[in-house]
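The structure file data34.pdb is reproduced below (PDB, C-alpha atoms).
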```pdb
ATOM      1  CA  MET A  25       0.000   0.000   0.000
ATOM      2  CA  LYS A  26       1.268   3.446  -0.944
ATOM      3  CA  ILE A  27       0.071   6.323   1.267
ATOM      4  CA  LEU A  28       0.681  10.035   0.675
ATOM      5  CA  PHE A  29       0.641  12.393   3.688
ATOM      6  CA  PHE A  30       0.458  16.188   3.614
ATOM      7  CA  SER A  31      -0.577  18.872   6.066
ATOM      8  CA  ASP A  32      -1.249  22.544   6.661
ATOM      9  CA  VAL A  33      -2.693  23.634   3.329
ATOM     10  CA  HIS A  34      -4.305  26.745   4.878
ATOM     11  CA  GLY A  35      -6.393  27.414   1.775
ATOM     12  CA  ILE A  36      -3.281  27.883  -0.369
ATOM     13  CA  ILE A  37      -3.299  26.064  -3.703
ATOM     14  CA  ASN A  38       0.287  26.797  -4.841
ATOM     15  CA  ASN A  39       1.666  23.272  -4.300
ATOM     16  CA  LEU A  40      -1.425  21.115  -4.724
ATOM     17  CA  ASN A  41      -0.213  20.391  -8.264
ATOM     18  CA  VAL A  42       2.771  18.552  -6.723
ATOM     19  CA  ILE A  43       0.417  16.440  -4.601
ATOM     20  CA  GLU A  44      -1.773  15.722  -7.632
ATOM     21  CA  LYS A  45       1.248  14.703  -9.699
ATOM     22  CA  GLU A  46       2.295  12.239  -6.966
ATOM     23  CA  ILE A  47      -1.239  10.827  -6.745
ATOM     24  CA  VAL A  48      -1.494  10.282 -10.494
ATOM     25  CA  ASN A  49       2.073   9.251 -11.372
ATOM     26  CA  ASN A  50       2.838   7.050  -8.365
ATOM     27  CA  LYS A  51      -0.465   5.197  -7.982
ATOM     28  CA  ILE A  52      -1.218   6.399  -4.458
ATOM     29  CA  ASP A  53      -3.706   4.101  -2.661
ATOM     30  CA  LYS A  54      -4.551   6.381   0.280
ATOM     31  CA  ILE A  55      -4.252  10.134   0.777
ATOM     32  CA  VAL A  56      -3.958  11.548   4.288
ATOM     33  CA  CYS A  57      -4.447  15.263   4.896
ATOM     34  CA  LEU A  58      -3.407  16.067   8.457
ATOM     35  CA  GLY A  59      -5.435  19.235   8.967
ATOM     36  CA  ASP A  60      -5.528  23.008   8.600
ATOM     37  CA  LEU A  61      -7.308  22.769   5.281
ATOM     38  CA  TYR A  62      -8.894  26.124   4.547
ATOM     39  CA  TYR A  63      -8.049  28.692   7.179
ATOM     40  CA  THR A  64      -5.422  31.205   6.108
ATOM     41  CA  GLY A  65      -5.139  33.657   9.004
ATOM     42  CA  PRO A  66      -3.353  36.966   8.523
ATOM     43  CA  THR A  67      -1.932  38.123   5.216
ATOM     44  CA  TYR A  68       1.369  36.443   4.406
ATOM     45  CA  ASP A  69       4.537  38.095   3.131
ATOM     46  CA  LYS A  70       4.839  35.888   0.063
ATOM     47  CA  ASP A  71       2.545  35.640  -2.944
ATOM     48  CA  TYR A  72       0.181  32.782  -2.236
ATOM     49  CA  ALA A  73      -2.753  31.671  -4.335
ATOM     50  CA  ILE A  74      -5.390  31.499  -1.597
ATOM     51  CA  ASN A  75      -8.545  29.744  -2.721
ATOM     52  CA  SER A  76     -10.281  27.631  -0.085
ATOM     53  CA  LYS A  77     -12.981  26.570  -2.558
ATOM     54  CA  GLU A  78     -10.352  25.126  -4.885
ATOM     55  CA  VAL A  79      -8.733  23.278  -1.941
ATOM     56  CA  HIS A  80     -12.192  21.902  -1.087
ATOM     57  CA  ASN A  81     -12.692  20.775  -4.700
ATOM     58  CA  PHE A  82      -9.237  19.153  -4.783
ATOM     59  CA  LEU A  83      -9.898  17.151  -1.603
ATOM     60  CA  THR A  84     -13.424  16.223  -2.724
ATOM     61  CA  LYS A  85     -12.035  14.864  -6.012
ATOM     62  CA  TYR A  86     -10.023  12.290  -4.037
ATOM     63  CA  GLN A  87     -12.531  11.617  -1.250
ATOM     64  CA  ASP A  88     -12.788   7.915  -2.163
ATOM     65  CA  ARG A  89      -9.242   7.404  -0.830
ATOM     66  CA  LEU A  90      -8.943  10.402   1.513
ATOM     67  CA  ILE A  91      -8.445  10.350   5.264
ATOM     68  CA  CYS A  92      -8.683  13.875   6.607
ATOM     69  CA  MET A  93      -7.843  15.094  10.105
ATOM     70  CA  LYS A  94      -9.116  18.281  11.741
ATOM     71  CA  GLY A  95      -6.470  20.909  12.410
ATOM     72  CA  ASN A  96      -6.479  23.616  15.047
ATOM     73  CA  CYS A  97      -7.335  26.211  12.368
ATOM     74  CA  ASP A  98     -10.234  24.255  10.858
ATOM     75  CA  ALA A  99     -13.555  25.896  11.718
ATOM     76  CA  LEU A 100     -16.790  23.996  12.265
ATOM     77  CA  VAL A 101     -18.388  25.828   9.342
ATOM     78  CA  ASP A 102     -15.628  24.530   7.027
ATOM     79  CA  ILE A 103     -16.020  20.994   8.307
ATOM     80  CA  LYS A 104     -19.783  21.049   7.787
ATOM     81  CA  ALA A 105     -19.306  22.373   4.238
ATOM     82  CA  SER A 106     -16.892  19.581   3.302
ATOM     83  CA  ASP A 107     -18.147  16.633   1.268
ATOM     84  CA  PHE A 108     -15.898  14.168   3.091
ATOM     85  CA  PRO A 109     -15.434  13.203   6.744
ATOM     86  CA  ILE A 110     -12.904  15.140   8.799
ATOM     87  CA  CYS A 111     -11.722  13.252  11.893
ATOM     88  CA  ASP A 112     -10.962  15.012  15.156
ATOM     89  CA  GLY A 113      -8.260  13.837  17.578
ATOM     90  CA  ILE A 114      -6.501  10.635  16.534
ATOM     91  CA  SER A 115      -7.164   8.047  13.827
ATOM     92  CA  LEU A 116      -5.414   4.745  13.247
ATOM     93  CA  ILE A 117      -4.294   2.966  10.080
ATOM     94  CA  CYS A 118      -3.007  -0.602  10.388
ATOM     95  CA  VAL A 119      -0.838  -1.491   7.405
ATOM     96  CA  ASP A 120       1.979  -4.011   6.923
ATOM     97  CA  GLY A 121       1.669  -4.989  10.604
ATOM     98  CA  LEU A 122       2.297  -1.399  11.719
ATOM     99  CA  ASP A 123       0.065   0.862  13.804
ATOM    100  CA  ILE A 124       0.173   4.308  12.190
ATOM    101  CA  TYR A 125      -1.603   6.936  14.269
ATOM    102  CA  LEU A 126      -2.769  10.114  12.543
ATOM    103  CA  THR A 127      -3.343  13.478  14.174
ATOM    104  CA  HIS A 128      -2.870  17.142  13.399
ATOM    105  CA  GLY A 129      -0.068  17.676  15.916
ATOM    106  CA  ASN A 130      -1.400  20.458  18.117
ATOM    107  CA  GLU A 131      -2.280  17.982  20.903
ATOM    108  CA  TYR A 132       0.032  15.036  20.236
ATOM    109  CA  SER A 133       3.580  15.237  18.882
ATOM    110  CA  PHE A 134       7.183  14.431  19.787
ATOM    111  CA  GLU A 135       7.238  17.331  22.247
ATOM    112  CA  LYS A 136       3.852  16.341  23.689
ATOM    113  CA  ASN A 137       4.364  12.563  23.687
ATOM    114  CA  ARG A 138       3.585  12.167  27.376
ATOM    115  CA  LYS A 139      -0.082  12.637  26.449
ATOM    116  CA  PHE A 140       0.077   9.785  23.930
ATOM    117  CA  ASN A 141       1.185   6.566  25.597
ATOM    118  CA  ARG A 142       1.160   4.018  22.789
ATOM    119  CA  LYS A 143       3.600   2.041  20.666
ATOM    120  CA  GLY A 144       3.793   2.620  16.940
ATOM    121  CA  ILE A 145       4.144   5.550  14.586
ATOM    122  CA  LEU A 146       2.562   8.975  15.067
ATOM    123  CA  VAL A 147       2.245  11.051  11.872
ATOM    124  CA  TYR A 148       1.276  14.725  12.027
ATOM    125  CA  GLY A 149       1.935  18.272  10.809
ATOM    126  CA  HIS A 150       1.029  21.482  12.706
ATOM    127  CA  GLU A 151       4.617  22.634  13.371
ATOM    128  CA  HIS A 152       5.349  23.262   9.651
ATOM    129  CA  ILE A 153       8.806  21.659  10.119
ATOM    130  CA  PRO A 154       9.465  18.155   8.740
ATOM    131  CA  TYR A 155      11.344  15.589  10.833
ATOM    132  CA  ILE A 156      11.501  11.977  11.956
ATOM    133  CA  LYS A 157      12.341  11.322  15.618
ATOM    134  CA  GLN A 158      12.218   8.285  17.862
ATOM    135  CA  ASP A 159      12.012   7.466  21.537
ATOM    136  CA  ASP A 160      11.851   4.047  23.183
ATOM    137  CA  LYS A 161       8.190   3.468  22.193
ATOM    138  CA  MET A 162       7.233   5.676  19.267
ATOM    139  CA  ILE A 163       8.407   6.963  15.928
ATOM    140  CA  PHE A 164       7.278  10.562  15.389
ATOM    141  CA  ILE A 165       6.931  11.788  11.811
ATOM    142  CA  ASN A 166       6.137  15.417  11.117
ATOM    143  CA  VAL A 167       5.412  15.802   7.403
ATOM    144  CA  GLY A 168       5.904  19.585   7.523
ATOM    145  CA  SER A 169       3.631  21.885   5.537
ATOM    146  CA  ILE A 170       2.716  21.724   1.860
ATOM    147  CA  SER A 171       1.948  25.476   1.849
ATOM    148  CA  LEU A 172       3.618  27.415   4.683
ATOM    149  CA  PRO A 173       6.923  25.781   5.617
ATOM    150  CA  LYS A 174       8.898  27.388   8.418
ATOM    151  CA  ASN A 175      12.160  26.244   6.840
ATOM    152  CA  ASP A 176      11.373  27.609   3.343
ATOM    153  CA  VAL A 177      10.818  24.197   1.786
ATOM    154  CA  ALA A 178       7.298  22.787   1.367
ATOM    155  CA  THR A 179       7.139  19.069   2.149
ATOM    156  CA  TYR A 180       4.986  15.942   2.150
ATOM    157  CA  ALA A 181       5.621  12.254   2.925
ATOM    158  CA  ILE A 182       5.046   8.898   1.278
ATOM    159  CA  TYR A 183       4.783   5.517   3.000
ATOM    160  CA  GLU A 184       5.405   2.291   1.092
ATOM    161  CA  ASN A 185       6.766  -1.144   2.050
ATOM    162  CA  LYS A 186       7.623  -0.194   5.654
ATOM    163  CA  GLN A 187       9.454   2.971   4.640
ATOM    164  CA  PHE A 188       8.533   6.616   5.213
ATOM    165  CA  ILE A 189      10.181   9.258   3.043
ATOM    166  CA  ILE A 190       9.663  12.993   3.478
ATOM    167  CA  TYR A 191      10.132  14.886   0.200
ATOM    168  CA  ASP A 192      10.315  18.555  -0.615
ATOM    169  CA  ILE A 193       8.229  19.799  -3.533
ATOM    170  CA  ILE A 194      11.249  19.638  -5.854
ATOM    171  CA  GLY A 195      11.625  15.905  -5.182
ATOM    172  CA  ASN A 196      14.582  15.937  -2.794
ATOM    173  CA  ILE A 197      14.538  13.566   0.181
ATOM    174  CA  VAL A 198      14.368  15.585   3.419
ATOM    175  CA  ASP A 199      14.281  12.613   5.838
ATOM    176  CA  SER A 200      13.460   8.920   5.773
ATOM    177  CA  ILE A 201      13.138   5.828   7.939
ATOM    178  CA  ASN A 202      12.970   2.093   7.255
ATOM    179  CA  LEU A 203      10.789   0.247   9.736
TER     180      LEU A 203
END
```
Starting from the file, lay out its structure as structure tokens.
Amino acid sequence: MKILFFSDVHGIINNLNVIEKEIVNNKIDKIVCLGDLYYTGPTYDKDYAINSKEVHNFLTKYQDRLICMKGNCDALVDIKASDFPICDGISLICVDGLDIYLTHGNEYSFEKNRKFNRKGILVYGHEHIPYIKQDDKMIFINVGSISLPKNDVATYAIYENKQFIIYDIIGNIVDSINL
């Protein structure tokens, strides 16, 4: 199974073409959006193509294979207007004998792991910084942000055959782990 993870779109469509290219060219089985879909907040310094309706249409197009998490910036009105379910808190995917927990990252993350006492893999966004970290029980994978990276490189991740790889939008490997 090939799973694509991205997070923190914030209504910005600039890099959704990269996600679409991955979905089409690499035969992605599942798509996981880890929250902060539409909300954009204050005006940003850079030129962003902000279009929450187009983000909604993009996600709706792939709803048959989409798992979507609620982010801290996702409003109830946006969730109700979406044509696909948006999960709050934590979800679980079991694949290849692995427990992969999904969340946005504002409640559970590497820094907040004391609140999440499980074994497995926790995948999230929220911090807008990609990384893979481990402790004695968990592997923590932050996929970064597809739209508003804090380190100037937009990122997403792909899981396949017990391997996670975080890519930037140019195709460079940012981090990876074999499980």
In Å to one decimal, how far is CA of Asn49 (chain A) from CA of Leu172 (chain A)?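 About the pair CA of Leu172 (chain A) and CA of Asn49 (chain A): they are 24.3 Å apart.
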Just want the 9 Å neighbourhood of Pro109 (chain A), counted on only C-alpha atoms, with same-chain residues fewer than 5 positions away dropped. Output as a PDB file with C-alpha atoms, keeping the file's coordinate frame.
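Output contents, as saved in out02.pdb:
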```pdb
ATOM      1  CA  GLN A  87     -12.531  11.617  -1.250  1.00  0.00           C
ATOM      2  CA  LEU A  90      -8.943  10.402   1.513  1.00  0.00           C
ATOM      3  CA  ILE A  91      -8.445  10.350   5.264  1.00  0.00           C
ATOM      4  CA  CYS A  92      -8.683  13.875   6.607  1.00  0.00           C
ATOM      5  CA  MET A  93      -7.843  15.094  10.105  1.00  0.00           C
ATOM      6  CA  ILE A 103     -16.020  20.994   8.307  1.00  0.00           C
TER       7      ILE A 103
END
```
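With distances restricted to all atoms listed in the file, A:Thr179 is the closest residue to Ile43 (chain A) from A:Thr127, A:Thr179, A:Asn96, A:Ser115.
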Residues picked by the PyMOL selection byres ((chain A and resi 193) around 10) here, as an MDAnalysis selection string? chainID A and resid 39:43 170 177:180 190:192 194:197
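Atom pair CA of Asp176 (chain A) / CA of Ile153 (chain A) has a distance of 9.4 Å (rounded to one decimal).
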All residues 12 Å or closer to Leu100 (chain A), only C-alpha atoms, same chain fewer than 2 positions away omitted, as a ChimeraX atom specification: /A:60-63,94-98,102-106,110-112
For the file shown, report as number ranges by chain the outcome of the PyMOL selection byres ((chain A and resi 86) around 10) at residue level. A: 44, 47, 54-55, 81-85, 87-91, 108
Figure out the distance between CA of Gly113 (chain A) and CA of Gln187 (chain A), please, to one decimal in Å.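 For CA of Gln187 (chain A) relative to CA of Gly113 (chain A), the distance reads 24.5 Å.
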Just checking: using only C-alpha atoms, which residue out of A:Lys26, A:Lys157, A:Lys51, A:Lys186 ends up closest to Ser133 (chain A)?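 Checking each candidate against Ser133 (chain A), we get A:Lys157 as the closest.
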So, counting all atoms listed in the file, which residue among A:Leu203, A:Val101, A:Val198, A:Ile124 is closest to Ile27 (chain A)?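 Using all atoms listed in the file, the shortest distance to Ile27 (chain A) belongs to A:Ile124.
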Evaluate the PyMOL selection byres ((chain A and resi 76) around 9) and record the selected residues as a list in words, following the chain and residue labels used in the document.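 For this structure, the PyMOL selection byres ((chain A and resi 76) around 9) resolves to His34, Gly35, Ile36, Ile37, Leu61, Tyr62, Tyr63, Thr64, Ile74, Asn75, Lys77, Glu78, Val79, His80 and Asn81 of chain A.
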Kindly output region 77-100 of chain A as a JSON list (two decimals), in the coordinates of the input, after building N, CA and C atoms.
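What ended up in rebuild-v9.json:
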```json
[["chain", "number", "residue", "atom", "x", "y", "z"],
["A", 77, "LYS", "N", -12.04, 27.35, -1.75],
["A", 77, "LYS", "CA", -12.98, 26.57, -2.56],
["A", 77, "LYS", "C", -12.24, 25.59, -3.45],
["A", 78, "GLU", "N", -11.13, 26.02, -4.03],
["A", 78, "GLU", "CA", -10.35, 25.13, -4.88],
["A", 78, "GLU", "C", -9.70, 24.01, -4.06],
["A", 79, "VAL", "N", -9.26, 24.31, -2.84],
["A", 79, "VAL", "CA", -8.73, 23.28, -1.94],
["A", 79, "VAL", "C", -9.84, 22.27, -1.64],
["A", 80, "HIS", "N", -11.03, 22.77, -1.34],
["A", 80, "HIS", "CA", -12.19, 21.90, -1.09],
["A", 80, "HIS", "C", -12.45, 20.99, -2.29],
["A", 81, "ASN", "N", -12.45, 21.55, -3.49],
["A", 81, "ASN", "CA", -12.69, 20.78, -4.70],
["A", 81, "ASN", "C", -11.61, 19.72, -4.92],
["A", 82, "PHE", "N", -10.36, 20.09, -4.65],
["A", 82, "PHE", "CA", -9.24, 19.15, -4.78],
["A", 82, "PHE", "C", -9.43, 17.96, -3.85],
["A", 83, "LEU", "N", -9.72, 18.23, -2.57],
["A", 83, "LEU", "CA", -9.90, 17.15, -1.60],
["A", 83, "LEU", "C", -11.12, 16.30, -1.94],
["A", 84, "THR", "N", -12.20, 16.94, -2.36],
["A", 84, "THR", "CA", -13.42, 16.22, -2.72],
["A", 84, "THR", "C", -13.18, 15.28, -3.89],
["A", 85, "LYS", "N", -12.35, 15.70, -4.84],
["A", 85, "LYS", "CA", -12.04, 14.86, -6.01],
["A", 85, "LYS", "C", -11.42, 13.52, -5.60],
["A", 86, "TYR", "N", -10.70, 13.50, -4.49],
["A", 86, "TYR", "CA", -10.02, 12.29, -4.04],
["A", 86, "TYR", "C", -10.66, 11.68, -2.79],
["A", 87, "GLN", "N", -11.90, 12.05, -2.50],
["A", 87, "GLN", "CA", -12.53, 11.62, -1.25],
["A", 87, "GLN", "C", -12.68, 10.10, -1.13],
["A", 88, "ASP", "N", -12.67, 9.37, -2.24],
["A", 88, "ASP", "CA", -12.79, 7.92, -2.16],
["A", 88, "ASP", "C", -11.57, 7.25, -1.54],
["A", 89, "ARG", "N", -10.44, 7.96, -1.47],
["A", 89, "ARG", "CA", -9.24, 7.40, -0.83],
["A", 89, "ARG", "C", -8.62, 8.37, 0.18],
["A", 90, "LEU", "N", -9.42, 9.34, 0.62],
["A", 90, "LEU", "CA", -8.94, 10.40, 1.51],
["A", 90, "LEU", "C", -9.27, 10.10, 2.97],
["A", 91, "ILE", "N", -8.26, 10.29, 3.82],
["A", 91, "ILE", "CA", -8.44, 10.35, 5.26],
["A", 91, "ILE", "C", -8.05, 11.76, 5.64],
["A", 92, "CYS", "N", -8.94, 12.46, 6.31],
["A", 92, "CYS", "CA", -8.68, 13.88, 6.61],
["A", 92, "CYS", "C", -8.83, 14.12, 8.10],
["A", 93, "MET", "N", -7.84, 14.76, 8.68],
["A", 93, "MET", "CA", -7.84, 15.09, 10.10],
["A", 93, "MET", "C", -8.18, 16.57, 10.28],
["A", 94, "LYS", "N", -8.78, 16.89, 11.41],
["A", 94, "LYS", "CA", -9.12, 18.28, 11.74],
["A", 94, "LYS", "C", -7.88, 18.95, 12.35],
["A", 95, "GLY", "N", -7.56, 20.13, 11.85],
["A", 95, "GLY", "CA", -6.47, 20.91, 12.41],
["A", 95, "GLY", "C", -6.98, 21.97, 13.37],
["A", 96, "ASN", "N", -6.09, 22.59, 14.08],
["A", 96, "ASN", "CA", -6.48, 23.62, 15.05],
["A", 96, "ASN", "C", -7.04, 24.87, 14.37],
["A", 97, "CYS", "N", -6.80, 25.05, 13.09],
["A", 97, "CYS", "CA", -7.34, 26.21, 12.37],
["A", 97, "CYS", "C", -8.58, 25.87, 11.55],
["A", 98, "ASP", "N", -9.05, 24.65, 11.62],
["A", 98, "ASP", "CA", -10.23, 24.26, 10.86],
["A", 98, "ASP", "C", -11.49, 24.59, 11.65],
["A", 99, "ALA", "N", -12.33, 25.43, 11.06],
["A", 99, "ALA", "CA", -13.56, 25.90, 11.72],
["A", 99, "ALA", "C", -14.70, 24.91, 11.47],
["A", 100, "LEU", "N", -15.64, 24.88, 12.38],
["A", 100, "LEU", "CA", -16.79, 24.00, 12.26],
["A", 100, "LEU", "C", -17.56, 24.26, 10.97]]
```
